[in-house]
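S.K.: Next up, final_24.json (JSON, C-alpha atoms and all ligand atoms).
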[["chain", "number", "residue", "atom", "x", "y", "z"],
["A", 133, "MET", "CA", 107.67, 100.26, 115.82],
["A", 134, "GLY", "CA", 104.69, 97.98, 115.98],
["A", 135, "LEU", "CA", 102.26, 100.77, 115.16],
["A", 136, "THR", "CA", 103.89, 102.12, 112.05],
["A", 137, "SER", "CA", 103.08, 100.43, 108.76],
["A", 138, "ASN", "CA", 105.87, 102.28, 106.96],
["A", 139, "ALA", "CA", 108.47, 99.61, 106.15],
["A", 140, "ALA", "CA", 111.29, 102.18, 106.15],
["A", 141, "TYR", "CA", 110.81, 102.48, 109.92],
["A", 142, "LYS", "CA", 110.53, 98.76, 110.64],
["A", 143, "HIS", "CA", 113.54, 96.99, 112.07],
["A", 144, "ALA", "CA", 113.90, 93.22, 111.96],
["A", 145, "VAL", "CA", 113.27, 92.69, 115.67],
["A", 146, "PRO", "CA", 110.29, 91.26, 117.52],
["A", 147, "GLN", "CA", 107.46, 93.76, 117.83],
["A", 148, "ALA", "CA", 104.31, 93.95, 119.88],
["A", 149, "PRO", "CA", 101.79, 91.32, 118.77],
["A", 150, "ASP", "CA", 98.17, 91.93, 117.92],
["A", 151, "ILE", "CA", 98.62, 95.25, 116.17],
["A", 152, "HIS", "CA", 96.72, 95.46, 112.89],
["A", 153, "ASN", "CA", 97.16, 98.14, 110.26],
["A", 154, "VAL", "CA", 93.98, 99.07, 108.45],
["A", 155, "MET", "CA", 93.77, 99.83, 104.75],
["A", 156, "ASN", "CA", 95.14, 103.28, 104.07],
["A", 157, "PRO", "CA", 92.18, 105.43, 102.97],
["A", 158, "ASP", "CA", 94.25, 107.43, 100.49],
["A", 159, "VAL", "CA", 91.89, 109.17, 98.06],
["A", 160, "TYR", "CA", 94.71, 109.91, 95.61],
["A", 161, "LYS", "CA", 96.45, 106.53, 95.40],
["A", 162, "GLY", "CA", 94.00, 104.12, 97.00],
["A", 163, "PRO", "CA", 91.35, 102.22, 95.04],
["A", 164, "TRP", "CA", 88.63, 104.74, 95.89],
["A", 165, "GLY", "CA", 88.36, 108.49, 96.10],
["A", 166, "GLY", "CA", 88.59, 111.55, 93.94],
["A", 167, "ALA", "CA", 87.88, 115.20, 93.46],
["A", 168, "HIS", "CA", 85.30, 115.64, 96.25],
["A", 169, "CYS", "CA", 86.70, 113.55, 99.06],
["A", 170, "ARG", "CA", 89.17, 115.76, 100.90],
["A", 171, "ASP", "CA", 88.84, 118.53, 103.43],
["A", 172, "SER", "CA", 91.48, 120.70, 101.74],
["A", 173, "PRO", "CA", 91.60, 123.80, 99.53],
["A", 174, "VAL", "CA", 93.12, 121.49, 96.87],
["A", 175, "GLN", "CA", 91.48, 118.29, 95.61],
["A", 176, "THR", "CA", 92.84, 115.40, 93.55],
["A", 177, "THR", "CA", 92.28, 115.48, 89.81],
["A", 178, "ARG", "CA", 90.74, 111.98, 89.90],
["A", 179, "SER", "CA", 87.07, 112.05, 89.09],
["A", 180, "CYS", "CA", 84.52, 110.80, 91.60],
["A", 181, "SER", "CA", 80.78, 110.86, 91.95],
["A", 182, "CYS", "CA", 80.65, 111.65, 95.68],
["A", 183, "SER", "CA", 78.62, 114.58, 96.92],
["A", 184, "SER", "CA", 79.73, 116.84, 99.76],
["A", 185, "SER", "CA", 77.38, 115.07, 102.19],
["A", 186, "ASP", "CA", 77.89, 111.51, 100.94],
["A", 187, "CYS", "CA", 81.43, 110.30, 100.35],
["A", 188, "GLN", "CA", 81.32, 106.89, 98.71],
["A", 189, "ALA", "CA", 85.08, 106.44, 99.11],
["A", 190, "LYS", "CA", 84.64, 106.86, 102.86],
["A", 191, "ALA", "CA", 82.00, 104.13, 102.89],
["A", 192, "LYS", "CA", 84.29, 101.73, 100.98],
["A", 193, "TYR", "CA", 87.29, 102.33, 103.26],
["A", 194, "ILE", "CA", 85.06, 101.98, 106.33],
["A", 195, "ASP", "CA", 83.97, 98.56, 104.99],
["A", 196, "GLN", "CA", 87.65, 97.62, 104.96],
["A", 197, "LEU", "CA", 88.01, 98.77, 108.55],
["A", 198, "LYS", "CA", 85.00, 96.66, 109.52],
["A", 199, "ASP", "CA", 86.64, 93.66, 107.85],
["A", 200, "ILE", "CA", 89.45, 93.89, 110.42],
["A", 201, "PHE", "CA", 86.87, 92.88, 113.03],
["A", 202, "LYS", "CA", 85.56, 90.13, 110.80],
["A", 203, "TYR", "CA", 88.91, 88.55, 110.09],
["A", 204, "SER", "CA", 91.60, 89.78, 112.50],
["A", 205, "VAL", "CA", 90.31, 91.20, 115.78],
["A", 206, "LYS", "CA", 87.60, 89.63, 117.89],
["A", 207, "PRO", "CA", 84.61, 92.02, 117.68],
["A", 208, "GLY", "CA", 84.14, 93.90, 120.94],
["A", 209, "ASN", "CA", 87.69, 93.09, 121.98],
["A", 210, "LEU", "CA", 89.60, 96.14, 120.85],
["A", 211, "ALA", "CA", 92.15, 97.88, 123.08],
["A", 212, "ALA", "CA", 92.81, 101.05, 121.11],
["A", 213, "PHE", "CA", 92.83, 102.64, 117.68],
["A", 214, "PHE", "CA", 95.58, 105.09, 116.72],
["A", 215, "ALA", "CA", 95.31, 107.69, 113.99],
["A", 216, "GLU", "CA", 96.99, 110.94, 113.11],
["A", 217, "SER", "CA", 94.48, 113.60, 112.10],
["A", 218, "ILE", "CA", 96.37, 113.97, 108.82],
["A", 219, "GLN", "CA", 99.08, 111.36, 108.25],
["A", 220, "GLY", "CA", 102.52, 112.92, 108.51],
["A", 221, "MET", "CA", 105.40, 110.62, 107.57],
["A", 222, "GLY", "CA", 102.83, 108.51, 105.72],
["A", 223, "GLY", "CA", 102.89, 111.26, 103.09],
["A", 224, "VAL", "CA", 100.45, 113.91, 104.35],
["A", 225, "VAL", "CA", 97.55, 111.63, 103.48],
["A", 226, "GLN", "CA", 94.14, 113.10, 104.31],
["A", 227, "PHE", "CA", 91.24, 110.83, 105.13],
["A", 228, "PRO", "CA", 88.06, 110.98, 103.07],
["A", 229, "LYS", "CA", 85.53, 113.31, 104.67],
["A", 230, "GLY", "CA", 83.71, 111.65, 107.56],
["A", 231, "TYR", "CA", 86.08, 108.65, 107.76],
["A", 232, "ILE", "CA", 87.56, 109.42, 111.18],
["A", 233, "LYS", "CA", 84.17, 110.21, 112.69],
["A", 234, "GLU", "CA", 82.82, 106.85, 111.56],
["A", 235, "ALA", "CA", 86.00, 105.01, 112.56],
["A", 236, "TYR", "CA", 85.62, 106.58, 116.01],
["A", 237, "LYS", "CA", 82.09, 105.18, 116.29],
["A", 238, "ILE", "CA", 83.29, 101.68, 115.31],
["A", 239, "VAL", "CA", 86.12, 101.86, 117.85],
["A", 240, "LYS", "CA", 83.65, 102.73, 120.60],
["A", 241, "GLU", "CA", 81.25, 99.97, 119.56],
["A", 242, "ASN", "CA", 84.12, 97.51, 119.89],
["A", 243, "GLY", "CA", 85.15, 98.65, 123.35],
["A", 244, "GLY", "CA", 88.33, 100.47, 122.35],
["A", 245, "VAL", "CA", 89.76, 103.87, 123.18],
["A", 246, "PHE", "CA", 90.52, 106.29, 120.36],
["A", 247, "VAL", "CA", 94.02, 107.76, 120.36],
["A", 248, "SER", "CA", 94.70, 110.88, 118.32],
["A", 249, "ASP", "CA", 98.36, 111.34, 117.50],
["A", 250, "GLU", "CA", 98.69, 115.12, 117.29],
["A", 251, "VAL", "CA", 102.49, 115.14, 117.17],
["A", 252, "GLN", "CA", 102.42, 116.70, 113.72],
["A", 253, "THR", "CA", 98.90, 118.09, 113.41],
["A", 254, "GLY", "CA", 98.55, 119.80, 116.80],
["A", 255, "PHE", "CA", 99.21, 123.35, 117.99],
["A", 256, "GLY", "CA", 97.39, 125.16, 115.21],
["A", 257, "ARG", "CA", 99.42, 123.85, 112.29],
["A", 258, "THR", "CA", 96.36, 122.87, 110.26],
["A", 259, "GLY", "CA", 95.03, 126.44, 110.53],
["A", 260, "GLU", "CA", 91.30, 126.13, 111.10],
["A", 261, "HIS", "CA", 91.65, 124.31, 114.41],
["A", 262, "PHE", "CA", 94.14, 124.13, 117.24],
["A", 263, "TRP", "CA", 93.88, 120.33, 117.28],
["A", 264, "GLY", "CA", 93.66, 118.22, 114.14],
["A", 265, "PHE", "CA", 90.96, 115.97, 115.61],
["A", 266, "GLU", "CA", 88.61, 118.97, 115.79],
["A", 267, "MET", "CA", 88.32, 118.93, 112.00],
["A", 268, "HIS", "CA", 86.92, 115.40, 112.32],
["A", 269, "ASN", "CA", 84.41, 116.39, 114.96],
["A", 270, "ILE", "CA", 85.45, 113.81, 117.55],
["A", 271, "GLN", "CA", 86.64, 113.87, 121.14],
["A", 272, "PRO", "CA", 89.49, 111.35, 121.45],
["A", 273, "ASP", "CA", 90.11, 109.44, 124.68],
["A", 274, "ILE", "CA", 93.88, 109.94, 124.47],
["A", 275, "VAL", "CA", 95.90, 112.62, 122.68],
["A", 276, "THR", "CA", 99.65, 112.36, 122.14],
["A", 277, "VAL", "CA", 101.67, 115.52, 121.54],
["A", 278, "ALA", "CA", 105.34, 116.31, 120.88],
["A", 279, "LYS", "CA", 107.51, 118.34, 118.47],
["A", 280, "GLY", "CA", 105.51, 121.60, 118.19],
["A", 281, "ILE", "CA", 104.79, 121.59, 121.93],
["A", 282, "GLY", "CA", 108.46, 122.38, 122.67],
["A", 283, "ASN", "CA", 109.47, 124.22, 119.48],
["A", 284, "GLY", "CA", 112.65, 122.14, 119.31],
["A", 285, "PHE", "CA", 113.06, 121.46, 123.03],
["A", 286, "PRO", "CA", 112.63, 117.75, 123.89],
["A", 287, "LEU", "CA", 109.12, 117.63, 125.27],
["A", 288, "ALA", "CA", 106.16, 115.34, 124.74],
["A", 289, "ALA", "CA", 102.92, 114.63, 126.54],
["A", 290, "VAL", "CA", 100.03, 112.21, 126.73],
["A", 291, "VAL", "CA", 96.70, 113.78, 127.61],
["A", 292, "THR", "CA", 93.80, 111.65, 128.79],
["A", 293, "ARG", "CA", 90.94, 111.29, 131.23],
["A", 294, "SER", "CA", 91.76, 110.41, 134.82],
["A", 295, "GLU", "CA", 90.00, 107.02, 134.63],
["A", 296, "ILE", "CA", 92.40, 106.00, 131.84],
["A", 297, "ALA", "CA", 95.47, 107.58, 133.48],
["A", 298, "GLN", "CA", 94.54, 105.64, 136.62],
["A", 299, "ALA", "CA", 95.45, 102.39, 134.83],
["A", 300, "LEU", "CA", 99.13, 103.38, 135.09],
["A", 301, "THR", "CA", 98.93, 103.04, 138.85],
["A", 302, "ASN", "CA", 98.42, 99.27, 138.48],
["A", 303, "SER", "CA", 102.18, 98.91, 138.37],
["A", 304, "MET", "CA", 105.27, 101.09, 138.60],
["A", 305, "HIS", "CA", 105.70, 103.58, 135.77],
["A", 306, "PHE", "CA", 109.03, 105.36, 135.91],
["A", 307, "ASN", "CA", 110.50, 108.03, 133.66],
["A", 308, "THR", "CA", 113.81, 109.76, 134.44],
["A", 309, "PHE", "CA", 113.10, 113.04, 132.67],
["A", 310, "GLY", "CA", 109.30, 113.02, 132.71],
["A", 311, "GLY", "CA", 107.68, 116.20, 134.01],
["A", 312, "ASN", "CA", 110.92, 118.14, 134.45],
["A", 313, "PRO", "CA", 110.28, 121.80, 135.32],
["A", 314, "LEU", "CA", 112.47, 123.29, 132.57],
["A", 315, "ALA", "CA", 110.58, 121.36, 129.85],
["A", 316, "CYS", "CA", 107.28, 122.48, 131.40],
["A", 317, "ALA", "CA", 108.44, 126.14, 131.38],
["A", 318, "VAL", "CA", 109.41, 125.81, 127.72],
["A", 319, "GLY", "CA", 106.02, 124.29, 126.88],
["A", 320, "ILE", "CA", 104.17, 127.13, 128.61],
["A", 321, "ALA", "CA", 106.32, 129.75, 126.82],
["A", 322, "VAL", "CA", 105.65, 128.07, 123.47],
["A", 323, "LEU", "CA", 101.89, 128.14, 124.09],
["A", 324, "ASP", "CA", 102.14, 131.88, 124.90],
["A", 325, "VAL", "CA", 104.04, 132.59, 121.68],
["A", 326, "ILE", "CA", 101.57, 130.57, 119.58],
["A", 327, "GLU", "CA", 98.80, 132.74, 121.00],
["A", 328, "GLU", "CA", 100.59, 136.13, 121.00],
["A", 329, "GLU", "CA", 101.98, 135.78, 117.48],
["A", 330, "LYS", "CA", 98.69, 134.32, 116.18],
["A", 331, "LEU", "CA", 100.50, 131.35, 114.68],
["A", 332, "GLN", "CA", 97.33, 129.37, 114.09],
["A", 333, "GLU", "CA", 95.87, 132.22, 112.02],
["A", 334, "ASN", "CA", 99.20, 132.47, 110.22],
["A", 335, "SER", "CA", 99.06, 128.75, 109.38],
["A", 336, "LEU", "CA", 95.61, 129.19, 107.90],
["A", 337, "GLU", "CA", 96.45, 132.29, 105.88],
["A", 338, "ILE", "CA", 99.92, 131.38, 104.63],
["A", 339, "GLY", "CA", 99.13, 127.68, 104.31],
["A", 340, "THR", "CA", 96.02, 128.26, 102.19],
["A", 341, "TYR", "CA", 97.95, 130.70, 99.98],
["A", 342, "LEU", "CA", 100.81, 128.21, 99.61],
["A", 343, "LEU", "CA", 98.41, 125.37, 98.76],
["A", 344, "GLN", "CA", 96.71, 127.47, 96.09],
["A", 345, "GLN", "CA", 100.04, 128.50, 94.54],
["A", 346, "LEU", "CA", 101.28, 124.90, 94.59],
["A", 347, "GLU", "CA", 98.10, 123.83, 92.83],
["A", 348, "LYS", "CA", 99.03, 126.20, 89.99],
["A", 349, "LEU", "CA", 102.45, 124.52, 89.80],
["A", 350, "LYS", "CA", 100.70, 121.15, 89.66],
["A", 351, "SER", "CA", 98.82, 122.12, 86.52],
["A", 352, "LYS", "CA", 102.09, 123.33, 84.98],
["A", 353, "TYR", "CA", 104.47, 120.48, 85.90],
["A", 354, "SER", "CA", 103.58, 116.83, 85.40],
["A", 355, "ILE", "CA", 106.07, 115.72, 88.10],
["A", 356, "ILE", "CA", 103.62, 117.06, 90.72],
["A", 357, "GLY", "CA", 100.87, 114.42, 90.91],
["A", 358, "ASP", "CA", 99.02, 115.72, 93.94],
["A", 359, "VAL", "CA", 98.98, 118.70, 96.29],
["A", 360, "ARG", "CA", 97.15, 118.24, 99.58],
["A", 361, "GLY", "CA", 96.83, 119.27, 103.17],
["A", 362, "LYS", "CA", 95.45, 121.98, 105.38],
["A", 363, "GLY", "CA", 97.17, 125.04, 106.80],
["A", 364, "LEU", "CA", 100.90, 124.48, 107.01],
["A", 365, "MET", "CA", 100.60, 120.68, 106.91],
["A", 366, "ILE", "CA", 101.20, 120.27, 103.18],
["A", 367, "GLY", "CA", 102.23, 117.39, 100.92],
["A", 368, "LEU", "CA", 103.34, 117.34, 97.29],
["A", 369, "GLU", "CA", 103.42, 113.89, 95.73],
["A", 370, "LEU", "CA", 106.07, 113.62, 93.03],
["A", 371, "ILE", "CA", 105.31, 111.16, 90.26],
["A", 372, "LYS", "CA", 106.62, 109.77, 87.00],
["A", 373, "ASN", "CA", 104.86, 110.88, 83.86],
["A", 374, "ASP", "CA", 103.24, 107.47, 83.27],
["A", 375, "GLU", "CA", 99.67, 106.16, 83.25],
["A", 376, "PHE", "CA", 99.96, 104.83, 86.83],
["A", 377, "ALA", "CA", 101.29, 108.05, 88.38],
["A", 378, "SER", "CA", 104.11, 105.89, 89.77],
["A", 379, "PRO", "CA", 106.38, 107.37, 92.43],
["A", 380, "VAL", "CA", 109.19, 109.47, 91.02],
["A", 381, "GLU", "CA", 112.67, 107.89, 90.99],
["A", 382, "ASN", "CA", 114.81, 108.43, 94.10],
["A", 383, "GLU", "CA", 117.45, 110.36, 92.14],
["A", 384, "LYS", "CA", 114.82, 112.80, 90.87],
["A", 385, "TYR", "CA", 113.51, 113.36, 94.38],
["A", 386, "PHE", "CA", 117.03, 114.06, 95.63],
["A", 387, "GLU", "CA", 117.59, 116.50, 92.76],
["A", 388, "VAL", "CA", 114.59, 118.51, 93.95],
["A", 389, "TRP", "CA", 115.66, 118.12, 97.57],
["A", 390, "GLU", "CA", 119.20, 119.36, 96.93],
["A", 391, "ALA", "CA", 118.04, 122.22, 94.69],
["A", 392, "CYS", "CA", 115.66, 123.41, 97.42],
["A", 393, "ARG", "CA", 118.44, 123.24, 100.00],
["A", 394, "ASP", "CA", 120.75, 125.29, 97.78],
["A", 395, "LEU", "CA", 117.99, 127.91, 97.63],
["A", 396, "GLY", "CA", 117.72, 127.92, 101.42],
["A", 397, "LEU", "CA", 114.56, 125.81, 101.68],
["A", 398, "ILE", "CA", 114.60, 122.70, 103.87],
["A", 399, "ILE", "CA", 111.96, 120.13, 102.98],
["A", 400, "GLY", "CA", 111.00, 116.81, 104.52],
["A", 401, "ARG", "CA", 110.30, 113.49, 102.88],
["A", 402, "GLY", "CA", 107.39, 111.14, 103.45],
["A", 403, "GLY", "CA", 105.12, 108.55, 101.90],
["A", 404, "ILE", "CA", 105.70, 104.81, 101.65],
["A", 405, "HIS", "CA", 107.76, 105.40, 98.51],
["A", 406, "GLY", "CA", 109.49, 108.46, 99.96],
["A", 407, "ASN", "CA", 108.15, 110.56, 97.07],
["A", 408, "VAL", "CA", 106.15, 113.12, 99.03],
["A", 409, "ILE", "CA", 107.59, 116.54, 99.88],
["A", 501, "LIG", "C1", 103.02, 111.57, 113.97],
["A", 501, "LIG", "C2", 104.18, 111.23, 114.87],
["A", 501, "LIG", "N1", 103.92, 110.64, 116.04],
["A", 501, "LIG", "C3", 104.92, 110.35, 116.89],
["A", 501, "LIG", "C4", 106.23, 110.62, 116.58],
["A", 501, "LIG", "C5", 107.28, 110.29, 117.59],
["A", 501, "LIG", "O1", 107.39, 111.35, 118.48],
["A", 501, "LIG", "P1", 108.59, 111.37, 119.53],
["A", 501, "LIG", "O2", 109.85, 111.50, 118.71],
["A", 501, "LIG", "O3", 108.34, 112.57, 120.39],
["A", 501, "LIG", "O4", 108.51, 110.08, 120.25],
["A", 501, "LIG", "C6", 106.56, 111.20, 115.36],
["A", 501, "LIG", "C7", 107.93, 111.50, 114.91],
["A", 501, "LIG", "O5", 108.91, 111.49, 115.60],
["A", 501, "LIG", "C8", 105.49, 111.52, 114.47],
["A", 501, "LIG", "O6", 105.73, 112.11, 113.30]]
Would you write the structure of this file as structure tokens?

M.R.:
Amino acid sequence: MGLTSNAAYKHAVPQAPDIHNVMNPDVYKGPWGGAHCRDSPVQTTRSCSCSSSDCQAKAKYIDQLKDIFKYSVKPGNLAAFFAESIQGMGGVVQFPKGYIKEAYKIVKENGGVFVSDEVQTGFGRTGEHFWGFEMHNIQPDIVTVAKGIGNGFPLAAVVTRSEIAQALTNSMHFNTFGGNPLACAVGIAVLDVIEEEKLQENSLEIGTYLLQQLEKLKSKYSIIGDVRGKGLMIGLELIKNDEFASPVENEKYFEVWEACRDLGLIIGRGGIHGNVI
């Protein structure tokens, strides 16, 4: 609860102190970013003067991250930094190219460990890589996994180096269902199926096709403000037809949601305004 910055998930109860949310480097809705900033088959229609090797939006958002150390966290005194490789419930927001790699460097310089939350982006979903962090060219210190690892069976895992895992031996850590053999068997079977049925390749092929087709819908329908993602991790931001590309009204979103369900298509909802399919 402390980690999420999405108010819809915040309950009015005390939460862990000393957690700071950094500025969301959203190249579609944030102050910086545009048509060259994303690692996706589909870009935003906002103009930008970045080149493929030099993303100015990245540099601006990294400045904001550095400000956290200036104003909120004592430099050199960081415990950990958490990031999804592509934000999931945050609205399938992709970071500007190079952002995560540079954030990783800053985390290390400040003594922290880098935690990649691969709950949504892991297990080949993004197509090109098995793990989302691979697209950012980093090696996280801790990786958290769930959902896809069990294909519906309740299973989650934290993967780390032994020197970090060792810290848990400082006091008792107890978990009733942790490491149960049935869950482990399910996890192994799921890994086999992902490999045998080439699901990562499928994510790349079908996901890229879907993204390209959705981009065509975007140019046809003004309600679709942005199409983004990689593989089968895809977001469609629904907007009002105004100069600010404001989030579409709730009722409109639900109309789309219900219509899709009637057609046999189940879609999820994300974004801070709940306007991203
Ligand atoms: C990115 C991400 N991380 C973590 C979680 C929480 O995982 P779990 O329900 O296994 O605790 C979720 C959603 O449930 C999620 O979407």

S.K.: Enter the distance from CA of Ala139 in chain A to atom C3 of ligand LIG 501 (chain A), in Å, rounded to one decimal.

M.R.: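 Separating CA of Ala139 in chain A from atom C3 of ligand LIG 501 (chain A) is a distance of 15.6 Å.
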
S.K.: Give me the residues of chain A that have any atom at most 10 Å from an atom of ligand LIG 501 (chain A); for each, the nearest atom pair and the distance in Å, rounded to one decimal. Use only C-alpha atoms and all ligand atoms, sort by chain and number, and format it as a Markdown table.

M.R.:
| residue | atom | partner | partner_atom | distance |
| --- | --- | --- | --- | --- |
| A:Thr136 | CA | A:LIG501 | N1 | 9.4 |
| A:Ala215 | CA | A:LIG501 | C1 | 8.6 |
| A:Glu216 | CA | A:LIG501 | C1 | 6.1 |
| A:Ser217 | CA | A:LIG501 | C1 | 9.0 |
| A:Ile218 | CA | A:LIG501 | C1 | 8.7 |
| A:Gln219 | CA | A:LIG501 | C1 | 6.9 |
| A:Gly220 | CA | A:LIG501 | C1 | 5.6 |
| A:Met221 | CA | A:LIG501 | O6 | 5.9 |
| A:Gly222 | CA | A:LIG501 | C1 | 8.8 |
| A:Ser248 | CA | A:LIG501 | C1 | 9.4 |
| A:Asp249 | CA | A:LIG501 | N1 | 5.8 |
| A:Glu250 | CA | A:LIG501 | C1 | 6.5 |
| A:Val251 | CA | A:LIG501 | C1 | 4.8 |
| A:Gln252 | CA | A:LIG501 | C1 | 5.2 |
| A:Thr253 | CA | A:LIG501 | C1 | 7.7 |
| A:Gly254 | CA | A:LIG501 | C1 | 9.8 |
| A:Thr276 | CA | A:LIG501 | N1 | 7.6 |
| A:Val277 | CA | A:LIG501 | O3 | 7.4 |
| A:Ala278 | CA | A:LIG501 | O3 | 4.8 |
| A:Lys279 | CA | A:LIG501 | O3 | 6.1 |
| A:Gly280 | CA | A:LIG501 | O3 | 9.7 |
| A:Ile281 | CA | A:LIG501 | O3 | 9.8 |
| A:Pro286 | CA | A:LIG501 | O3 | 7.6 |
| A:Leu287 | CA | A:LIG501 | O3 | 7.1 |
| A:Ala288 | CA | A:LIG501 | O3 | 5.6 |
| A:Ala289 | CA | A:LIG501 | O3 | 8.5 |

S.K.: Restrict the calculation to all atoms listed in the file, then for each residue of range 180-291 of chain A with any atom at most 9 Å from an atom of range 337-356 of chain A give the closest atom pair and their distance in Å to one decimal, rows by chain and rising residue number, as a tab-separated table.

M.R.:
residue	atom	partner	partner_atom	distance
A:Arg257	CA	A:Gly339	CA	8.9
A:Thr258	CA	A:Gly339	CA	8.1
A:Gly259	CA	A:Gly339	CA	7.6

S.K.: Skipping near chain neighbours, those fewer than 3 positions away, what residues fall within 8 Å of Phe227 in chain A using all atoms listed in the file, listed as a PDB file with C-alpha atoms, in the coordinates of the input?

M.R.:
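That gives us part.pdb:
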ATOM      1  CA  PRO A 157      92.180 105.430 102.970  1.00  0.00           C
ATOM      2  CA  ASP A 158      94.250 107.430 100.490  1.00  0.00           C
ATOM      3  CA  VAL A 159      91.890 109.170  98.060  1.00  0.00           C
ATOM      4  CA  ARG A 170      89.170 115.760 100.900  1.00  0.00           C
ATOM      5  CA  ILE A 218      96.370 113.970 108.820  1.00  0.00           C
ATOM      6  CA  GLY A 230      83.710 111.650 107.560  1.00  0.00           C
ATOM      7  CA  TYR A 231      86.080 108.650 107.760  1.00  0.00           C
ATOM      8  CA  ILE A 232      87.560 109.420 111.180  1.00  0.00           C
TER       9      ILE A 232
END

S.K.: Which residue is closest to Gln196 in chain A? Choose from A:Gln271, A:Met155, A:Leu368, A:Trp263 and count all atoms listed in the file.

M.R.: A:Met155

S.K.: Which of these residues is nearest to Gly400 in chain A, using all atoms listed in the file: A:Glu329, A:Ser335, A:Val224, A:Phe262?

M.R.: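 Among the listed residues, the smallest separation from Gly400 in chain A belongs to A:Val224.
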
S.K.: Which residues are close to Lys161 in chain A, i.e. within 10 Å by all atoms listed in the file, leaving aside same-chain residues fewer than 2 positions away? Reply as a count of residues only.

M.R.: 15

S.K.: CA of Ile371 in chain A to CA of Gly396 in chain A: how many Å, to one decimal?

M.R.: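 Spanning CA of Ile371 in chain A to CA of Gly396 in chain A is a straight-line distance of 23.7 Å.
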
S.K.: Counting only C-alpha atoms, which residue out of A:Ala148, A:Ala391, A:Leu370, A:Leu135 sits closest to His405 in chain A?

M.R.: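 Residue with the minimum atom-to-atom distance to His405 in chain A: A:Leu370.
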
S.K.: Just the number, please: distance in Å from CA of Ala140 in chain A to CA of Asn153 in chain A, one decimal.

M.R.: 15.3 Å

S.K.: So which residues touch Leu397 in chain A within 12 Å, counting only C-alpha atoms, skipping near sequence neighbours fewer than 6 positions away, as a PyMOL selection string?

M.R.: chain A and resi 388-391+409

S.K.: Pull C-alpha atoms from the residues just selected and write them as a PDB file, in the frame of the given file.

M.R.:
ATOM      1  CA  VAL A 388     114.590 118.510  93.950  1.00  0.00           C
ATOM      2  CA  TRP A 389     115.660 118.120  97.570  1.00  0.00           C
ATOM      3  CA  GLU A 390     119.200 119.360  96.930  1.00  0.00           C
ATOM      4  CA  ALA A 391     118.040 122.220  94.690  1.00  0.00           C
ATOM      5  CA  ILE A 409     107.590 116.540  99.880  1.00  0.00           C
TER       6      ILE A 409
END

S.K.: Do you know which residues are at most 8 Å from Cys182 in chain A counting only C-alpha atoms, after dropping those on the same chain fewer than 3 positions away, and could you put them as a ChimeraX atom specification?

M.R.: /A:168-169,186-189

S.K.: I need the residue nearest Tyr193 in chain A from this list: A:Gly282, A:Gly223, A:Pro207, A:Pro228. Use all atoms listed in the file for the distance.

M.R.: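 Among the listed residues, the smallest separation from Tyr193 in chain A belongs to A:Pro228.
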
S.K.: Taking only C-alpha atoms into account, name the residue in A:Gln175, A:Asn242, A:Asn283, A:Ser294 that is nearest to Lys198 in chain A.

M.R.: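 The answer is A:Asn242, which sits nearest to Lys198 in chain A.
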
S.K.: Tell me which of A:Ala191, A:Glu260, A:Pro149, A:Asn269 sits closest to Val205 in chain A, counting all atoms listed in the file.

M.R.: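 Smallest separation from Val205 in chain A among the options: A:Pro149.
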